[in-house]
>>> print(open('protein_35.cif').read())   # mmCIF, C-alpha atoms
data_target
loop_
_atom_site.label_atom_id
_atom_site.label_comp_id
_atom_site.auth_asym_id
_atom_site.auth_seq_id
_atom_site.Cartn_x
_atom_site.Cartn_y
_atom_site.Cartn_z
CA MET A 1 105.65 -66.06 -29.04
CA SER A 2 105.24 -67.90 -25.71
CA ASP A 3 105.34 -65.67 -22.62
CA VAL A 4 107.51 -68.34 -21.00
CA LEU A 5 110.31 -67.62 -23.47
CA VAL A 6 109.98 -63.86 -23.76
CA ASP A 7 111.20 -61.39 -21.14
CA ALA A 8 108.50 -58.84 -20.31
CA GLN A 9 110.81 -55.81 -20.51
CA VAL A 10 112.20 -57.05 -23.82
CA ALA A 11 108.72 -57.53 -25.27
CA GLU A 12 107.69 -54.02 -24.22
CA ALA A 13 110.87 -52.46 -25.61
CA ILE A 14 110.44 -54.22 -28.95
CA ARG A 15 106.81 -53.12 -29.08
CA ARG A 16 108.05 -49.51 -28.77
CA LEU A 17 110.67 -49.77 -31.53
CA GLU A 18 110.01 -47.45 -34.45
CA LEU A 19 110.34 -50.20 -37.04
CA PRO A 20 107.80 -50.77 -39.83
CA PHE A 21 106.82 -54.36 -39.00
CA ASN A 22 104.13 -55.79 -41.24
CA ARG A 23 101.27 -58.04 -40.12
CA TYR A 24 103.66 -61.01 -40.18
CA GLY A 25 106.06 -59.31 -37.79
CA LEU A 26 108.74 -58.60 -40.43
CA ASP A 27 110.29 -55.30 -41.45
CA PRO A 28 111.51 -54.50 -45.00
CA TYR A 29 114.95 -55.98 -44.20
CA GLY A 30 113.51 -59.29 -43.01
CA ILE A 31 114.07 -58.48 -39.34
CA SER A 32 111.65 -60.59 -37.33
CA ARG A 33 109.84 -59.38 -34.23
CA ASP A 34 109.67 -62.96 -32.91
CA HIS A 35 113.40 -63.50 -33.43
CA LEU A 36 114.16 -60.20 -31.71
CA GLU A 37 112.09 -61.22 -28.70
CA ILE A 38 113.93 -64.54 -28.34
CA PHE A 39 117.38 -63.06 -29.01
CA PHE A 40 117.10 -60.20 -26.53
CA SER A 41 115.36 -62.40 -23.97
CA MET A 42 118.48 -64.56 -24.04
CA LEU A 43 120.75 -61.51 -23.73
CA ALA A 44 118.78 -59.86 -20.92
CA PRO A 45 119.99 -62.12 -18.04
CA PHE A 46 123.60 -61.61 -19.14
CA TYR A 47 123.05 -57.85 -19.36
CA ARG A 48 121.33 -57.54 -15.97
CA THR A 49 122.87 -60.29 -13.85
CA TYR A 50 125.93 -61.98 -15.31
CA PHE A 51 127.80 -58.89 -16.54
CA ARG A 52 125.73 -56.46 -14.43
CA VAL A 53 126.07 -53.81 -17.13
CA ARG A 54 125.84 -50.19 -16.06
CA CYS A 55 125.52 -47.39 -18.61
CA PHE A 56 126.65 -43.78 -18.43
CA GLY A 57 125.81 -41.00 -20.88
CA GLN A 58 123.08 -42.93 -22.68
CA GLU A 59 121.23 -39.64 -23.10
CA HIS A 60 123.74 -38.88 -25.87
CA VAL A 61 122.16 -41.57 -28.08
CA PRO A 62 119.38 -39.84 -30.06
CA ALA A 63 115.88 -41.16 -29.51
CA GLN A 64 115.28 -41.44 -33.25
CA GLY A 65 116.96 -40.88 -36.58
CA ARG A 66 120.21 -42.13 -38.06
CA VAL A 67 123.21 -42.53 -35.79
CA MET A 68 126.42 -44.55 -35.49
CA VAL A 69 127.51 -45.73 -32.06
CA VAL A 70 131.25 -46.33 -32.40
CA GLY A 71 133.49 -47.92 -29.79
CA ASN A 72 136.38 -50.10 -28.74
CA HIS A 73 136.42 -53.83 -29.42
CA SER A 74 137.85 -56.29 -26.94
CA GLY A 75 137.60 -59.51 -25.04
CA GLY A 76 138.29 -62.34 -27.50
CA LEU A 77 134.55 -62.88 -28.06
CA PRO A 78 131.98 -60.21 -29.01
CA VAL A 79 130.60 -59.83 -25.49
CA ASP A 80 130.91 -56.06 -25.91
CA GLY A 81 128.78 -56.03 -29.06
CA ALA A 82 126.03 -58.12 -27.47
CA MET A 83 125.92 -55.97 -24.35
CA VAL A 84 125.91 -52.71 -26.32
CA LEU A 85 122.96 -54.02 -28.34
CA ALA A 86 121.19 -54.90 -25.09
CA SER A 87 121.93 -51.45 -23.65
CA LEU A 88 120.43 -49.73 -26.70
CA LEU A 89 117.22 -51.72 -26.34
CA LEU A 90 116.92 -51.97 -22.55
CA GLY A 91 118.94 -49.03 -21.24
CA LEU A 92 117.46 -46.13 -23.21
CA GLU A 93 114.30 -44.20 -22.47
CA SER A 94 113.44 -44.61 -26.16
CA PRO A 95 114.58 -48.12 -27.18
CA ARG A 96 116.73 -48.45 -30.30
CA LEU A 97 117.61 -51.54 -32.30
CA GLY A 98 121.34 -51.40 -32.80
CA GLN A 99 122.38 -53.02 -36.06
CA GLY A 100 125.94 -54.27 -36.21
CA MET A 101 128.10 -54.72 -39.25
CA VAL A 102 129.12 -58.37 -38.84
CA GLU A 103 132.48 -59.81 -39.93
CA LYS A 104 132.09 -61.75 -43.19
CA PHE A 105 133.35 -65.03 -41.72
CA ALA A 106 130.41 -65.21 -39.28
CA ASN A 107 127.87 -65.15 -42.09
CA ARG A 108 129.44 -68.25 -43.63
CA TRP A 109 127.91 -70.30 -40.82
CA PRO A 110 124.37 -71.21 -41.99
CA PHE A 111 122.48 -71.15 -38.67
CA VAL A 112 124.32 -68.08 -37.38
CA SER A 113 123.82 -66.23 -40.66
CA HIS A 114 120.07 -66.82 -40.57
CA TRP A 115 119.70 -65.63 -36.99
CA PHE A 116 121.91 -62.61 -37.49
CA SER A 117 119.81 -61.43 -40.42
CA ARG A 118 116.56 -61.98 -38.50
CA VAL A 119 117.78 -59.77 -35.66
CA GLY A 120 119.20 -57.05 -37.90
CA GLN A 121 122.91 -57.90 -37.86
CA PHE A 122 124.13 -57.84 -41.45
CA THR A 123 127.43 -58.42 -43.22
CA GLY A 124 129.63 -55.34 -42.92
CA LEU A 125 129.40 -54.10 -46.50
CA PRO A 126 129.33 -50.35 -47.22
CA GLU A 127 126.14 -50.63 -49.26
CA HIS A 128 124.33 -52.33 -46.37
CA ALA A 129 125.44 -49.66 -43.90
CA GLU A 130 124.54 -46.79 -46.21
CA ARG A 131 121.07 -48.12 -46.89
CA LEU A 132 120.37 -48.62 -43.19
CA LEU A 133 121.48 -45.08 -42.35
CA GLU A 134 119.38 -43.63 -45.15
CA ASP A 135 116.46 -45.43 -43.48
CA GLU A 136 117.25 -43.65 -40.18
CA ARG A 137 118.62 -46.74 -38.39
CA CYS A 138 121.11 -47.04 -35.53
CA LEU A 139 124.40 -48.69 -36.53
CA MET A 140 126.89 -50.18 -34.10
CA VAL A 141 130.44 -49.93 -35.45
CA PHE A 142 133.76 -51.27 -34.16
CA PRO A 143 136.45 -49.61 -36.32
CA GLU A 144 139.14 -51.93 -34.93
CA GLY A 145 137.35 -54.91 -36.46
CA ALA A 146 138.55 -58.41 -35.60
CA ARG A 147 141.90 -56.89 -34.66
CA GLY A 148 140.16 -55.44 -31.62
CA THR A 149 138.65 -58.62 -30.22
CA GLY A 150 141.92 -60.39 -31.03
CA LYS A 151 143.94 -58.28 -28.56
CA LEU A 152 145.71 -60.22 -25.84
CA TYR A 153 145.22 -59.38 -22.18
CA ARG A 154 148.64 -57.76 -21.97
CA ASP A 155 147.41 -55.22 -24.54
CA ARG A 156 144.10 -54.54 -22.80
CA TYR A 157 142.48 -51.20 -23.51
CA LYS A 158 145.07 -50.28 -26.11
CA LEU A 159 143.28 -49.22 -29.27
CA VAL A 160 144.59 -50.67 -32.53
CA ARG A 161 144.38 -49.01 -35.92
CA PHE A 162 140.90 -47.80 -36.89
CA GLY A 163 139.50 -48.29 -40.35
CA SER A 164 138.37 -45.08 -42.04
CA GLY A 165 135.30 -46.18 -43.97
CA PHE A 166 132.90 -45.40 -41.14
CA VAL A 167 133.86 -41.70 -41.18
CA ARG A 168 133.43 -41.40 -44.95
CA LEU A 169 130.03 -43.04 -44.61
CA ALA A 170 129.00 -40.80 -41.71
CA MET A 171 129.91 -37.71 -43.74
CA LYS A 172 128.21 -38.96 -46.89
CA THR A 173 124.96 -39.68 -45.03
CA ASN A 174 125.17 -36.75 -42.57
CA THR A 175 125.13 -39.15 -39.63
CA PRO A 176 126.21 -38.21 -36.08
CA ILE A 177 128.78 -40.48 -34.43
CA VAL A 178 128.26 -41.29 -30.75
CA PRO A 179 131.54 -42.65 -29.34
CA PHE A 180 131.49 -45.19 -26.52
CA ALA A 181 133.89 -47.13 -24.33
CA PHE A 182 133.14 -50.67 -23.21
CA ILE A 183 134.85 -51.42 -19.90
CA GLY A 184 135.19 -54.92 -18.49
CA GLY A 185 135.41 -57.00 -21.65
CA GLU A 186 139.16 -57.40 -21.27
CA GLU A 187 138.72 -58.83 -17.76
CA ALA A 188 135.73 -60.99 -18.71
CA ILE A 189 137.80 -62.88 -21.29
CA PRO A 190 141.50 -62.47 -20.46
CA THR A 191 142.99 -63.85 -23.68
CA VAL A 192 146.59 -65.06 -23.39
CA ARG A 193 146.95 -66.65 -26.84
CA HIS A 194 144.98 -67.75 -29.91
CA LEU A 195 144.13 -71.26 -31.06
CA LYS A 196 144.81 -70.54 -34.71
CA GLY A 197 144.68 -74.10 -35.98
CA LEU A 198 141.23 -74.79 -34.56
CA ALA A 199 140.04 -71.37 -35.70
CA LYS A 200 141.11 -72.12 -39.26
CA MET A 201 139.11 -75.35 -39.22
CA ILE A 202 135.87 -73.49 -38.51
CA GLY A 203 136.64 -70.43 -40.64
CA ALA A 204 137.16 -67.99 -37.76
CA PRO A 205 140.10 -65.55 -37.50
CA TYR A 206 140.98 -66.89 -34.05
CA ILE A 207 139.68 -68.69 -30.97
CA PRO A 208 140.78 -67.19 -27.66
CA LEU A 209 142.64 -69.23 -25.05
CA THR A 210 142.15 -67.65 -21.65
CA SER A 211 144.31 -67.74 -18.54
CA TYR A 212 141.92 -70.35 -17.11
CA GLY A 213 141.91 -72.43 -20.29
CA LEU A 214 138.35 -72.03 -21.57
CA PRO A 215 137.14 -69.46 -24.13
CA LEU A 216 134.19 -68.60 -21.89
CA PRO A 217 133.56 -65.21 -20.26
CA LEU A 218 133.78 -64.68 -16.52
CA PRO A 219 130.92 -62.94 -14.66
CA VAL A 220 132.71 -59.58 -14.57
CA ALA A 221 130.73 -56.37 -14.06
CA CYS A 222 130.91 -54.23 -17.22
CA GLN A 223 130.21 -50.58 -17.96
CA ILE A 224 129.43 -48.62 -21.10
CA PHE A 225 130.35 -44.93 -21.30
CA TYR A 226 128.66 -43.03 -24.13
CA GLY A 227 130.12 -39.70 -25.21
CA GLU A 228 128.69 -36.62 -26.88
CA PRO A 229 127.85 -36.91 -30.60
CA LEU A 230 130.43 -35.91 -33.19
CA VAL A 231 129.33 -34.48 -36.54
CA PHE A 232 131.77 -34.08 -39.43
CA GLU A 233 130.68 -31.85 -42.29
CA GLY A 234 131.45 -32.92 -45.84
CA THR A 235 130.57 -35.40 -48.55
CA GLY A 236 132.80 -38.33 -47.66
CA THR A 237 134.94 -37.76 -50.75
CA GLU A 238 137.53 -35.63 -48.94
CA THR A 239 141.22 -36.41 -49.11
CA ASP A 240 142.71 -39.15 -46.94
CA ASP A 241 144.41 -36.55 -44.76
CA VAL A 242 141.08 -34.94 -43.91
CA ILE A 243 139.35 -38.27 -43.26
CA LEU A 244 142.18 -39.63 -41.15
CA GLY A 245 142.11 -36.47 -39.06
CA HIS A 246 138.44 -37.13 -38.28
CA VAL A 247 139.18 -40.80 -37.56
CA GLN A 248 141.84 -39.71 -35.09
CA ARG A 249 139.34 -37.39 -33.42
CA VAL A 250 136.94 -40.29 -32.90
CA GLN A 251 139.75 -42.53 -31.66
CA ASP A 252 140.89 -39.85 -29.22
CA GLU A 253 137.35 -39.46 -27.87
CA ILE A 254 137.02 -43.21 -27.34
CA ALA A 255 140.45 -43.33 -25.65
CA ALA A 256 139.33 -40.55 -23.30
CA LEU A 257 136.13 -42.44 -22.49
CA ILE A 258 138.16 -45.59 -21.81
CA GLU A 259 140.35 -43.68 -19.37
CA ARG A 260 137.29 -42.17 -17.74
CA GLY A 261 135.72 -45.60 -17.44
CA ARG A 262 138.82 -47.22 -15.97
CA THR A 263 139.15 -44.39 -13.44
CA TRP A 264 135.50 -44.80 -12.44
CA ARG A 265 135.95 -48.56 -12.16
CA ARG A 266 139.02 -48.32 -9.94
CA GLY A 267 137.11 -45.94 -7.67
CA ALA A 268 134.12 -48.29 -7.56
CA VAL A 269 136.39 -51.18 -6.54
CA GLU A 270 137.96 -49.08 -3.78
CA ARG A 271 134.49 -48.10 -2.55
CA GLY A 272 133.45 -51.76 -2.47
CA GLU A 273 130.84 -51.29 -5.23
CA LEU A 274 132.54 -53.83 -7.52
CA GLU A 275 134.32 -57.07 -6.81
CA GLY A 276 137.87 -57.57 -8.03
CA GLY A 277 140.58 -55.14 -9.06
CA MET A 278 141.39 -53.53 -12.33
CA ARG A 279 144.80 -52.51 -13.59
#
>>> encode(input="protein_35.cif", output="structure tokens")
Amino acid sequence: MSDVLVDAQVAEAIRRLELPFNRYGLDPYGISRDHLEIFFSMLAPFYRTYFRVRCFGQEHVPAQGRVMVVGNHSGGLPVDGAMVLASLLLGLESPRLGQGMVEKFANRWPFVSHWFSRVGQFTGLPEHAERLLEDERCLMVFPEGARGTGKLYRDRYKLVRFGSGFVRLAMKTNTPIVPFAFIGGEEAIPTVRHLKGLAKMIGAPYIPLTSYGLPLPLPVACQIFYGEPLVFEGTGTETDDVILGHVQRVQDEIAALIERGRTWRRGAVERGELEGGMR
């Protein structure tokens, strides 16, 4: 791949990934080293300069082995997912490839579907997630799903109902859950309503309409707060009451990280370290 297109830090991080690439630069899932270099080279300027992402607690993400990083979803567009993926590759001492479980509608778009698969982002089916964890991969999970990114600005940082499948899967595969809070996504895309008609035409659940009219993110500084790993013992076949109790524990941890992040951000604004306020 041309050095003109590939960011040097990205290339080095991908070289250090513990993925079994063959001589053609493909791993057993069809993930392409060349595609990863282009994809993350495009994300890197947004991560470093546009959103000026700062990470806290990244030492809680294990250097190797199976793990789920689980957090809040927000912002109308998946800015949070892209920046979390960038943080796992560029912000850790031992780079990890985060693999997201993509909403099914996105994989109906031919070009997008091809690129997602080449960079390790697969349709969010339980069998896909289980196989990846059994192969010691790092999964990025947003239990709020599309309901999370669909939140309006007036509901910013309010968690909506979590799905429970991720906890059953974590227990079945003995996978630690690292909770995280993404701060800044709500301000980057302040959604005031949804363009449902246009969204239906392209097969999306919604298209955000922002306070300034365009569904494009503002250059707002963002932060990611990673928490300590949670491990739930069991087989994943426990009763709903048991599973929902664990789900609530994860949700409570993420809520606490959100509050911690918002407190830090308000202090940073008061100290003049960040531009703009935060309510």
>>> residues_around(input="protein_35.cif", residues="Phe46 (chain A)", least_positions_apart="4", cutoff="12 Å", atoms="all atoms listed in the file", output="ChimeraX atom specification")
/A:39-42,50-53,79-80,82-87,217-222
>>> resolve_selection(input="protein_35.cif", expression="the PyMOL selection byres ((chain A and resi 140) around 7)", output="compact mmCIF listing (two decimals) with C-alpha atoms, in the coordinates of the input")
# COMPACT_ATOMS: atom_id res chain seq x y z
CA MET A 68 126.42 -44.55 -35.49
CA VAL A 69 127.51 -45.73 -32.06
CA VAL A 70 131.25 -46.33 -32.40
CA GLY A 98 121.34 -51.40 -32.80
CA GLN A 99 122.38 -53.02 -36.06
CA GLY A 100 125.94 -54.27 -36.21
CA MET A 101 128.10 -54.72 -39.25
CA CYS A 138 121.11 -47.04 -35.53
CA LEU A 139 124.40 -48.69 -36.53
CA VAL A 141 130.44 -49.93 -35.45
CA PHE A 142 133.76 -51.27 -34.16
>>> resolve_selection(input="protein_35.cif", expression="the PyMOL selection byres ((chain A and resi 157-170) around 8)", output="number ranges by chain")
A: 68, 72, 74, 126, 130, 141, 143-145, 147-148, 155-156, 171-177, 186, 232, 235-237, 243-244, 246-247, 251, 255, 258
>>> resolve_selection(input="protein_35.cif", expression="the PyMOL selection byres ((chain A and resi 14-24) around 12)", output="compact mmCIF listing (two decimals) with C-alpha atoms, in the coordinates of the input")
# COMPACT_ATOMS: atom_id res chain seq x y z
CA VAL A 6 109.98 -63.86 -23.76
CA ASP A 7 111.20 -61.39 -21.14
CA ALA A 8 108.50 -58.84 -20.31
CA GLN A 9 110.81 -55.81 -20.51
CA VAL A 10 112.20 -57.05 -23.82
CA ALA A 11 108.72 -57.53 -25.27
CA GLU A 12 107.69 -54.02 -24.22
CA ALA A 13 110.87 -52.46 -25.61
CA GLY A 25 106.06 -59.31 -37.79
CA LEU A 26 108.74 -58.60 -40.43
CA ASP A 27 110.29 -55.30 -41.45
CA PRO A 28 111.51 -54.50 -45.00
CA TYR A 29 114.95 -55.98 -44.20
CA GLY A 30 113.51 -59.29 -43.01
CA ILE A 31 114.07 -58.48 -39.34
CA SER A 32 111.65 -60.59 -37.33
CA ARG A 33 109.84 -59.38 -34.23
CA ASP A 34 109.67 -62.96 -32.91
CA HIS A 35 113.40 -63.50 -33.43
CA LEU A 36 114.16 -60.20 -31.71
CA GLU A 37 112.09 -61.22 -28.70
CA ILE A 38 113.93 -64.54 -28.34
CA PHE A 39 117.38 -63.06 -29.01
CA PHE A 40 117.10 -60.20 -26.53
CA SER A 41 115.36 -62.40 -23.97
CA ALA A 63 115.88 -41.16 -29.51
CA GLN A 64 115.28 -41.44 -33.25
CA GLY A 65 116.96 -40.88 -36.58
CA ALA A 86 121.19 -54.90 -25.09
CA LEU A 88 120.43 -49.73 -26.70
CA LEU A 89 117.22 -51.72 -26.34
CA LEU A 90 116.92 -51.97 -22.55
CA LEU A 92 117.46 -46.13 -23.21
CA GLU A 93 114.30 -44.20 -22.47
CA SER A 94 113.44 -44.61 -26.16
CA PRO A 95 114.58 -48.12 -27.18
CA ARG A 96 116.73 -48.45 -30.30
CA LEU A 97 117.61 -51.54 -32.30
CA GLY A 98 121.34 -51.40 -32.80
CA VAL A 119 117.78 -59.77 -35.66
CA GLY A 120 119.20 -57.05 -37.90
CA LEU A 132 120.37 -48.62 -43.19
CA ASP A 135 116.46 -45.43 -43.48
CA GLU A 136 117.25 -43.65 -40.18
CA ARG A 137 118.62 -46.74 -38.39
CA CYS A 138 121.11 -47.04 -35.53
>>> closest_residue(input="protein_35.cif", among="A:Pro229, A:Tyr206, A:Trp264, A:His128", to="Arg249 (chain A)", atoms="all atoms listed in the file")
A:Pro229
>>> atom_distance(input="protein_35.cif", atom1="CA of Gly81 (chain A)", atom2="CA of Glu233 (chain A)")
27.6 Å
>>> closest_residue(input="protein_35.cif", among="A:Phe116, A:Phe180, A:Tyr212, A:Tyr226", to="Gly71 (chain A)", atoms="only C-alpha atoms")
A:Phe180
>>> residues_near_point(input="protein_35.cif", point="(137.0, -60.3, -31.2)", cutoff="7 Å", atoms="all atoms listed in the file", output="list in words")
His73, Ser74, Gly75, Gly76, Leu77, Pro78, Ala146, Arg147, Gly148, Thr149 and Gly150 of chain A
